[in-house]
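**Student:** Input file: target-v3.cif. Contents: mmCIF, C-alpha atoms and all ligand atoms.
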```cif
data_input
loop_
_atom_site.label_atom_id
_atom_site.label_comp_id
_atom_site.auth_asym_id
_atom_site.auth_seq_id
_atom_site.Cartn_x
_atom_site.Cartn_y
_atom_site.Cartn_z
CA MET A 1 28.30 -93.03 -138.81
CA SER A 2 28.24 -96.82 -138.97
CA LYS A 3 24.68 -98.03 -139.57
CA THR A 4 25.20 -101.79 -139.37
CA LYS A 5 23.20 -103.23 -136.49
CA LEU A 6 24.60 -106.47 -135.12
CA ASN A 7 22.01 -109.17 -134.44
CA LEU A 8 23.39 -111.91 -132.25
CA ILE A 9 21.79 -115.34 -132.53
CA ALA A 10 22.55 -118.18 -130.12
CA ALA A 11 21.00 -121.17 -128.41
CA ALA A 12 22.01 -121.55 -124.79
CA CYS A 13 21.05 -123.85 -121.94
CA GLU A 14 20.34 -122.70 -118.37
CA ASN A 15 24.01 -122.19 -117.47
CA LEU A 16 24.46 -120.23 -120.73
CA GLY A 17 26.38 -123.16 -122.24
CA ILE A 18 26.50 -123.15 -126.04
CA GLY A 19 29.01 -125.84 -126.99
CA ILE A 20 31.09 -128.83 -126.02
CA ASN A 21 34.08 -130.47 -127.74
CA GLY A 22 33.63 -128.32 -130.81
CA ASP A 23 30.00 -129.31 -131.24
CA LEU A 24 26.54 -128.39 -130.01
CA PRO A 25 25.52 -130.10 -126.74
CA TRP A 26 22.08 -130.97 -128.18
CA ARG A 27 20.32 -131.93 -131.40
CA LEU A 28 17.31 -129.69 -131.96
CA LYS A 29 16.08 -129.87 -135.55
CA LYS A 30 13.40 -127.17 -135.25
CA GLU A 31 15.86 -124.87 -133.48
CA MET A 32 18.36 -125.33 -136.32
CA ALA A 33 15.59 -124.55 -138.81
CA TYR A 34 14.82 -121.35 -136.85
CA PHE A 35 18.50 -120.36 -137.02
CA SER A 36 18.59 -120.96 -140.78
CA SER A 37 15.35 -119.12 -141.40
CA MET A 38 16.17 -116.09 -139.21
CA THR A 39 19.66 -115.64 -140.64
CA SER A 40 18.57 -116.20 -144.26
CA LYS A 41 15.29 -114.30 -144.65
CA VAL A 42 15.41 -110.94 -146.43
CA ARG A 43 12.82 -108.34 -147.34
CA ASP A 44 14.67 -107.34 -150.52
CA PRO A 45 15.16 -110.44 -152.70
CA ALA A 46 18.14 -108.78 -154.40
CA LYS A 47 20.03 -108.84 -151.10
CA LYS A 48 21.48 -111.40 -148.70
CA ASN A 49 22.31 -111.36 -145.02
CA ALA A 50 25.81 -111.69 -143.59
CA VAL A 51 26.69 -114.31 -140.99
CA VAL A 52 29.74 -113.37 -138.92
CA MET A 53 31.51 -116.15 -137.03
CA GLY A 54 34.73 -117.09 -135.29
CA ARG A 55 37.12 -119.47 -137.02
CA ARG A 56 36.30 -122.28 -134.59
CA THR A 57 32.57 -122.01 -135.23
CA TRP A 58 33.34 -122.24 -138.96
CA ASP A 59 35.42 -125.37 -138.28
CA CYS A 60 32.62 -126.87 -136.14
CA ILE A 61 30.02 -126.79 -138.92
CA PRO A 62 30.08 -129.98 -141.03
CA SER A 63 31.75 -129.12 -144.35
CA LYS A 64 28.74 -130.31 -146.37
CA PHE A 65 26.81 -127.33 -144.93
CA LEU A 66 29.55 -124.79 -145.70
CA PRO A 67 29.50 -122.03 -146.66
CA LEU A 68 26.09 -121.46 -145.07
CA PRO A 69 23.89 -121.13 -148.18
CA ASN A 70 22.24 -117.88 -149.34
CA ARG A 71 24.25 -115.85 -146.84
CA VAL A 72 27.53 -113.96 -147.07
CA ASN A 73 29.84 -115.95 -144.77
CA ILE A 74 32.40 -113.87 -142.86
CA VAL A 75 35.03 -115.64 -140.71
CA LEU A 76 37.09 -113.90 -138.02
CA THR A 77 40.63 -115.08 -137.38
CA ARG A 78 44.00 -113.76 -136.32
CA HIS A 79 45.55 -115.85 -139.13
CA VAL A 80 43.86 -114.34 -142.15
CA ASP A 81 46.18 -115.65 -144.89
CA ASP A 82 46.19 -119.18 -143.52
CA VAL A 83 42.39 -119.35 -143.14
CA LYS A 84 41.84 -117.68 -146.55
CA SER A 85 43.82 -120.47 -148.18
CA LYS A 86 41.49 -123.09 -146.64
CA VAL A 87 37.96 -121.70 -147.17
CA PRO A 88 35.95 -121.88 -150.40
CA GLU A 89 35.89 -118.93 -152.77
CA GLY A 90 33.44 -116.22 -151.79
CA VAL A 91 33.94 -116.65 -148.04
CA ILE A 92 35.20 -113.41 -146.49
CA VAL A 93 38.05 -113.75 -143.98
CA VAL A 94 38.84 -110.77 -141.74
CA SER A 95 40.94 -110.02 -138.68
CA GLY A 96 38.23 -108.54 -136.43
CA LEU A 97 34.64 -107.38 -135.99
CA ASP A 98 35.29 -103.81 -137.14
CA GLU A 99 36.87 -105.10 -140.33
CA ALA A 100 33.78 -107.29 -140.86
CA ILE A 101 31.55 -104.22 -140.43
CA SER A 102 33.72 -102.18 -142.85
CA HIS A 103 33.42 -104.97 -145.41
CA ILE A 104 29.63 -105.11 -144.99
CA GLU A 105 29.30 -101.33 -145.29
CA GLY A 106 31.51 -101.33 -148.38
CA ARG A 107 28.93 -103.29 -150.36
CA GLU A 108 25.27 -102.74 -151.09
CA ASP A 109 23.96 -106.27 -151.30
CA ILE A 110 23.82 -107.06 -147.57
CA GLU A 111 20.54 -106.52 -145.71
CA SER A 112 21.13 -107.72 -142.12
CA THR A 113 24.14 -108.82 -140.13
CA TRP A 114 23.97 -111.87 -137.88
CA VAL A 115 26.70 -112.68 -135.38
CA ILE A 116 26.53 -116.46 -134.98
CA GLY A 117 29.27 -117.15 -132.41
CA GLY A 118 31.23 -118.37 -130.65
CA SER A 119 32.00 -116.93 -127.23
CA SER A 120 34.53 -114.21 -127.97
CA ILE A 121 32.72 -113.04 -131.10
CA TYR A 122 29.46 -112.74 -129.13
CA LYS A 123 31.36 -110.81 -126.44
CA ALA A 124 32.87 -108.41 -128.97
CA ALA A 125 29.43 -107.87 -130.53
CA LEU A 126 27.74 -107.31 -127.13
CA GLU A 127 30.34 -104.65 -126.26
CA HIS A 128 30.17 -103.01 -129.69
CA LYS A 129 28.29 -99.74 -130.10
CA ASN A 130 26.40 -101.30 -133.02
CA CYS A 131 24.94 -104.09 -130.85
CA GLY A 132 21.25 -104.39 -131.80
CA LYS A 133 19.34 -107.46 -130.68
CA ILE A 134 20.12 -110.82 -129.16
CA TYR A 135 18.02 -113.66 -130.54
CA LEU A 136 18.56 -116.12 -127.72
CA THR A 137 17.00 -119.56 -127.68
CA GLU A 138 16.69 -120.30 -123.96
CA ILE A 139 16.80 -124.04 -123.43
CA GLN A 140 15.10 -125.09 -120.19
CA LYS A 141 17.69 -127.67 -119.22
CA ASN A 142 21.36 -127.94 -118.29
CA PHE A 143 23.95 -129.63 -120.46
CA GLU A 144 27.63 -130.19 -119.86
CA CYS A 145 29.38 -127.44 -121.84
CA ASP A 146 32.87 -126.03 -122.32
CA THR A 147 31.83 -122.92 -124.26
CA PHE A 148 29.45 -120.26 -122.97
CA PHE A 149 27.42 -117.29 -124.13
CA PRO A 150 28.84 -114.23 -122.31
CA LYS A 151 26.94 -112.93 -119.29
CA PHE A 152 25.20 -109.72 -120.34
CA ASP A 153 23.54 -107.00 -118.33
CA LYS A 154 19.80 -107.58 -118.84
CA LYS A 155 19.14 -104.02 -117.59
CA GLN A 156 20.67 -102.77 -120.85
CA PHE A 157 18.15 -104.76 -122.88
CA VAL A 158 14.39 -105.04 -123.17
CA LEU A 159 12.51 -108.18 -124.18
CA VAL A 160 10.63 -107.64 -127.44
CA THR A 161 8.49 -109.75 -129.72
CA GLU A 162 8.58 -109.99 -133.47
CA ASP A 163 6.25 -111.27 -136.18
CA GLY A 164 7.31 -114.76 -137.16
CA VAL A 165 9.01 -115.55 -133.85
CA PRO A 166 6.75 -117.75 -131.70
CA GLU A 167 6.42 -116.63 -128.10
CA GLU A 168 5.10 -119.90 -126.72
CA GLN A 169 7.20 -122.69 -125.32
CA GLN A 170 8.74 -124.96 -127.97
CA VAL A 171 9.15 -128.68 -127.30
CA GLU A 172 11.41 -131.14 -129.08
CA GLY A 173 11.61 -134.58 -127.50
CA ASP A 174 12.27 -134.06 -123.79
CA ILE A 175 13.74 -130.57 -124.30
CA SER A 176 11.74 -127.36 -124.09
CA TYR A 177 12.88 -123.87 -124.97
CA TYR A 178 11.76 -120.32 -125.76
CA PHE A 179 12.79 -118.02 -128.59
CA ARG A 180 13.61 -114.75 -126.80
CA ILE A 181 14.60 -111.44 -128.34
CA TYR A 182 16.53 -108.92 -126.22
CA LYS A 183 16.81 -105.44 -127.75
CA LYS A 184 19.63 -103.12 -126.66
CA LEU A 185 18.29 -99.95 -125.05
N1 LIG A 201 24.77 -122.80 -129.36
C1 LIG A 201 25.09 -121.87 -130.24
O1 LIG A 201 24.27 -121.04 -130.59
C2 LIG A 201 26.50 -121.84 -130.80
C3 LIG A 201 26.84 -120.88 -131.74
C4 LIG A 201 28.15 -120.87 -132.23
C5 LIG A 201 29.06 -121.79 -131.78
N2 LIG A 201 28.68 -122.71 -130.85
C6 LIG A 201 29.65 -123.68 -130.30
O2 LIG A 201 30.73 -122.93 -129.77
C7 LIG A 201 31.96 -123.61 -130.00
C8 LIG A 201 32.86 -122.76 -130.89
O3 LIG A 201 32.97 -121.45 -130.37
P1 LIG A 201 34.31 -120.87 -129.67
O4 LIG A 201 33.86 -119.82 -128.72
O5 LIG A 201 35.12 -122.01 -129.16
O6 LIG A 201 35.11 -120.27 -130.89
P2 LIG A 201 34.80 -119.06 -131.91
O7 LIG A 201 34.50 -117.81 -131.18
O8 LIG A 201 33.85 -119.50 -132.95
O9 LIG A 201 36.21 -118.95 -132.63
C9 LIG A 201 37.34 -118.53 -131.92
C10 LIG A 201 38.36 -118.11 -132.95
O10 LIG A 201 37.92 -116.93 -133.61
C11 LIG A 201 39.02 -116.07 -133.87
N3 LIG A 201 38.84 -114.83 -133.10
C12 LIG A 201 38.26 -114.69 -131.88
N4 LIG A 201 38.26 -113.40 -131.50
C13 LIG A 201 38.82 -112.72 -132.52
C14 LIG A 201 39.09 -111.36 -132.74
N5 LIG A 201 38.79 -110.42 -131.82
N6 LIG A 201 39.68 -110.99 -133.88
C15 LIG A 201 40.01 -111.91 -134.81
N7 LIG A 201 39.77 -113.22 -134.67
C16 LIG A 201 39.18 -113.62 -133.53
C17 LIG A 201 40.27 -116.86 -133.47
O11 LIG A 201 40.60 -117.63 -134.60
P3 LIG A 201 42.10 -118.12 -134.92
O12 LIG A 201 42.43 -119.12 -133.86
O13 LIG A 201 42.00 -118.70 -136.30
O14 LIG A 201 42.97 -116.88 -134.88
C18 LIG A 201 39.72 -117.75 -132.35
O15 LIG A 201 40.50 -118.90 -132.12
C19 LIG A 201 31.56 -124.94 -130.62
O16 LIG A 201 31.37 -125.90 -129.60
C20 LIG A 201 30.25 -124.61 -131.31
O17 LIG A 201 29.47 -125.78 -131.50
C21 LIG A 201 27.41 -122.76 -130.36
#
```
Can the structure in the file be given as structure tokens, please?

**Tutor:**
Amino acid sequence: MSKTKLNLIAAACENLGIGINGDLPWRLKKEMAYFSSMTSKVRDPAKKNAVVMGRRTWDCIPSKFLPLPNRVNIVLTRHVDDVKSKVPEGVIVVSGLDEAISHIEGREDIESTWVIGGSSIYKAALEHKNCGKIYLTEIQKNFECDTFFPKFDKKQFVLVTEDGVPEEQQVEGDISYYFRIYKKL
């Protein structure tokens, strides 16, 4: 049986918007640092985490930050050969979420799996039997967006807390937000 739990991580505003024009609708430095820390930290220093993303999310990240350091970067596309020819060595390119999971389970150096967007990849992960937790930064404001986190049935999840994840309201400039963790029942 497949043992890979999928952790989704996203920042969304009140209307569940996550992106606009291939970019983030906001600049939140501490939120970005949270994303980097959560997706990078490992208990076993001999291992790394995997970050699983759609091809557009890969394209949206400035190239100086790619591949995301200290993580195994996995990109989903329906044009595997084309994308493979464009990404740096070491980046894994696959044709779907199950293939990503098979790759992860075929190696022993991956500790946790983080699904980092965008919309359709989050949706596939939410519907997948291996869906584990959603680490959702809930921004207390509305932004104009063209890309959204999928609506999910909150009755299928329970809010949990975790060491190292602050429960209190975070404030950056005039934007406030909470780090929430929804665990699949
Ligand atoms: N706020 C956040 O937390 C957050 C997180 C991530 C992204 N974003 C934002 O979201 C936007 C990008 O996300 P997006 O939803 O537009 O795109 P995306 O999901 O990152 O990428 C879509 C692409 O992924 C591939 N794909 C999708 N489903 C697939 C499947 N089932 N099997 C194989 N390949 C599949 C296809 O690539 P091909 O076209 O190559 O076939 C598709 O065009 C940007 O604005 C970004 O800034 C925000």

**Student:** Kindly work out which residues sit at most 7 Å from ligand LIG 201 (chain A), using only C-alpha atoms and all ligand atoms, and give the list as JSON, numbers by chain.

**Tutor:** {"A": [9, 10, 11, 12, 18, 19, 20, 21, 22, 23, 24, 53, 54, 55, 56, 57, 58, 60, 76, 77, 78, 79, 83, 95, 96, 97, 116, 117, 118, 119, 120, 121, 124, 147]}

**Student:** Can I get the selected residues back with C-alpha atoms, as a short mmCIF file (atom, residue, chain, number, x, y, z; two decimals), keeping the file's coordinate frame?

**Tutor:**
```cif
data_model
loop_
_atom_site.label_atom_id
_atom_site.label_comp_id
_atom_site.auth_asym_id
_atom_site.auth_seq_id
_atom_site.Cartn_x
_atom_site.Cartn_y
_atom_site.Cartn_z
CA ILE A 9 21.79 -115.34 -132.53
CA ALA A 10 22.55 -118.18 -130.12
CA ALA A 11 21.00 -121.17 -128.41
CA ALA A 12 22.01 -121.55 -124.79
CA ILE A 18 26.50 -123.15 -126.04
CA GLY A 19 29.01 -125.84 -126.99
CA ILE A 20 31.09 -128.83 -126.02
CA ASN A 21 34.08 -130.47 -127.74
CA GLY A 22 33.63 -128.32 -130.81
CA ASP A 23 30.00 -129.31 -131.24
CA LEU A 24 26.54 -128.39 -130.01
CA MET A 53 31.51 -116.15 -137.03
CA GLY A 54 34.73 -117.09 -135.29
CA ARG A 55 37.12 -119.47 -137.02
CA ARG A 56 36.30 -122.28 -134.59
CA THR A 57 32.57 -122.01 -135.23
CA TRP A 58 33.34 -122.24 -138.96
CA CYS A 60 32.62 -126.87 -136.14
CA LEU A 76 37.09 -113.90 -138.02
CA THR A 77 40.63 -115.08 -137.38
CA ARG A 78 44.00 -113.76 -136.32
CA HIS A 79 45.55 -115.85 -139.13
CA VAL A 83 42.39 -119.35 -143.14
CA SER A 95 40.94 -110.02 -138.68
CA GLY A 96 38.23 -108.54 -136.43
CA LEU A 97 34.64 -107.38 -135.99
CA ILE A 116 26.53 -116.46 -134.98
CA GLY A 117 29.27 -117.15 -132.41
CA GLY A 118 31.23 -118.37 -130.65
CA SER A 119 32.00 -116.93 -127.23
CA SER A 120 34.53 -114.21 -127.97
CA ILE A 121 32.72 -113.04 -131.10
CA ALA A 124 32.87 -108.41 -128.97
CA THR A 147 31.83 -122.92 -124.26
#
```

**Student:** I need the residue nearest Glu14 of chain A from this list: A:Asp98, A:Glu105, A:Asp44, A:Glu138. Use only C-alpha atoms for the distance.

**Tutor:**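 Among the listed residues, A:Glu138 lies closest to Glu14 of chain A.
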
**Student:** What gap, in Å, lies between atom CA of Ile101 of chain A and atom CA of Gly164 of chain A?

**Tutor:**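 Atom-to-atom, atom CA of Ile101 of chain A to atom CA of Gly164 of chain A, that is 26.6 Å.
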
**Student:** Excluding same-chain residues fewer than 3 positions from Lys183 of chain A, what lies within 8 Å of it counting all atoms listed in the file, as an MDAnalysis selection string?

**Tutor:** chainID A and resid 132:134 157:160

**Student:** So what do you get for atom CA of Val93 of chain A versus atom CA of Val80 of chain A, distance-wise?

**Tutor:** 6.1 Å

**Student:** Work out how far apart atom CA of Val75 of chain A and atom CA of Val94 of chain A are and give it in Å to one decimal.

**Tutor:**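 Separating atom CA of Val75 of chain A from atom CA of Val94 of chain A is a distance of 6.3 Å.
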
**Student:** Find the spatial neighbours of Asp109 of chain A, counting all atoms listed in the file, within a cut-off of 8 Å - ignore same-chain residues fewer than 5 positions away - and output them as a list in words.

**Tutor:** Ala46, Lys47 and Lys48 of chain A

**Student:** Could the residues in this selection be saved with C-alpha atoms as a compact mmCIF listing (two decimals), in the frame of the given file?

**Tutor:**
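Result went into result24.txt, see below:
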```
# COMPACT_ATOMS: atom_id res chain seq x y z
CA ALA A 46 18.14 -108.78 -154.40
CA LYS A 47 20.03 -108.84 -151.10
CA LYS A 48 21.48 -111.40 -148.70
```

**Student:** Near Ile104 of chain A, counting only C-alpha atoms, which residues have an atom at most 12 Å away, once you skip same-chain residues fewer than 3 positions from it, shown as a list of chain:residue names?

**Tutor:**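 Result of the neighbour search: A:Ser2, A:Lys3, A:Thr4, A:Lys5, A:Leu6, A:Lys47, A:Lys48, A:Asn49, A:Ala50, A:Val51, A:Val52, A:Val72, A:Asn73, A:Ile74, A:Ile92, A:Val94, A:Leu97, A:Asp98, A:Glu99, A:Ala100, A:Ile101, A:Arg107, A:Glu108, A:Asp109, A:Ile110, A:Glu111, A:Ser112, A:Thr113, A:Trp114.
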
**Student:** Output the selection as a PDB file, in the coordinates of the input - C-alpha atoms for each residue.

**Tutor:**
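See out_21.pdb below for the written result:
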```
ATOM      1  CA  SER A   2      28.240 -96.820-138.970  1.00  0.00           C
ATOM      2  CA  LYS A   3      24.680 -98.030-139.570  1.00  0.00           C
ATOM      3  CA  THR A   4      25.200-101.790-139.370  1.00  0.00           C
ATOM      4  CA  LYS A   5      23.200-103.230-136.490  1.00  0.00           C
ATOM      5  CA  LEU A   6      24.600-106.470-135.120  1.00  0.00           C
ATOM      6  CA  LYS A  47      20.030-108.840-151.100  1.00  0.00           C
ATOM      7  CA  LYS A  48      21.480-111.400-148.700  1.00  0.00           C
ATOM      8  CA  ASN A  49      22.310-111.360-145.020  1.00  0.00           C
ATOM      9  CA  ALA A  50      25.810-111.690-143.590  1.00  0.00           C
ATOM     10  CA  VAL A  51      26.690-114.310-140.990  1.00  0.00           C
ATOM     11  CA  VAL A  52      29.740-113.370-138.920  1.00  0.00           C
ATOM     12  CA  VAL A  72      27.530-113.960-147.070  1.00  0.00           C
ATOM     13  CA  ASN A  73      29.840-115.950-144.770  1.00  0.00           C
ATOM     14  CA  ILE A  74      32.400-113.870-142.860  1.00  0.00           C
ATOM     15  CA  ILE A  92      35.200-113.410-146.490  1.00  0.00           C
ATOM     16  CA  VAL A  94      38.840-110.770-141.740  1.00  0.00           C
ATOM     17  CA  LEU A  97      34.640-107.380-135.990  1.00  0.00           C
ATOM     18  CA  ASP A  98      35.290-103.810-137.140  1.00  0.00           C
ATOM     19  CA  GLU A  99      36.870-105.100-140.330  1.00  0.00           C
ATOM     20  CA  ALA A 100      33.780-107.290-140.860  1.00  0.00           C
ATOM     21  CA  ILE A 101      31.550-104.220-140.430  1.00  0.00           C
ATOM     22  CA  ARG A 107      28.930-103.290-150.360  1.00  0.00           C
ATOM     23  CA  GLU A 108      25.270-102.740-151.090  1.00  0.00           C
ATOM     24  CA  ASP A 109      23.960-106.270-151.300  1.00  0.00           C
ATOM     25  CA  ILE A 110      23.820-107.060-147.570  1.00  0.00           C
ATOM     26  CA  GLU A 111      20.540-106.520-145.710  1.00  0.00           C
ATOM     27  CA  SER A 112      21.130-107.720-142.120  1.00  0.00           C
ATOM     28  CA  THR A 113      24.140-108.820-140.130  1.00  0.00           C
ATOM     29  CA  TRP A 114      23.970-111.870-137.880  1.00  0.00           C
TER      30      TRP A 114
END
```
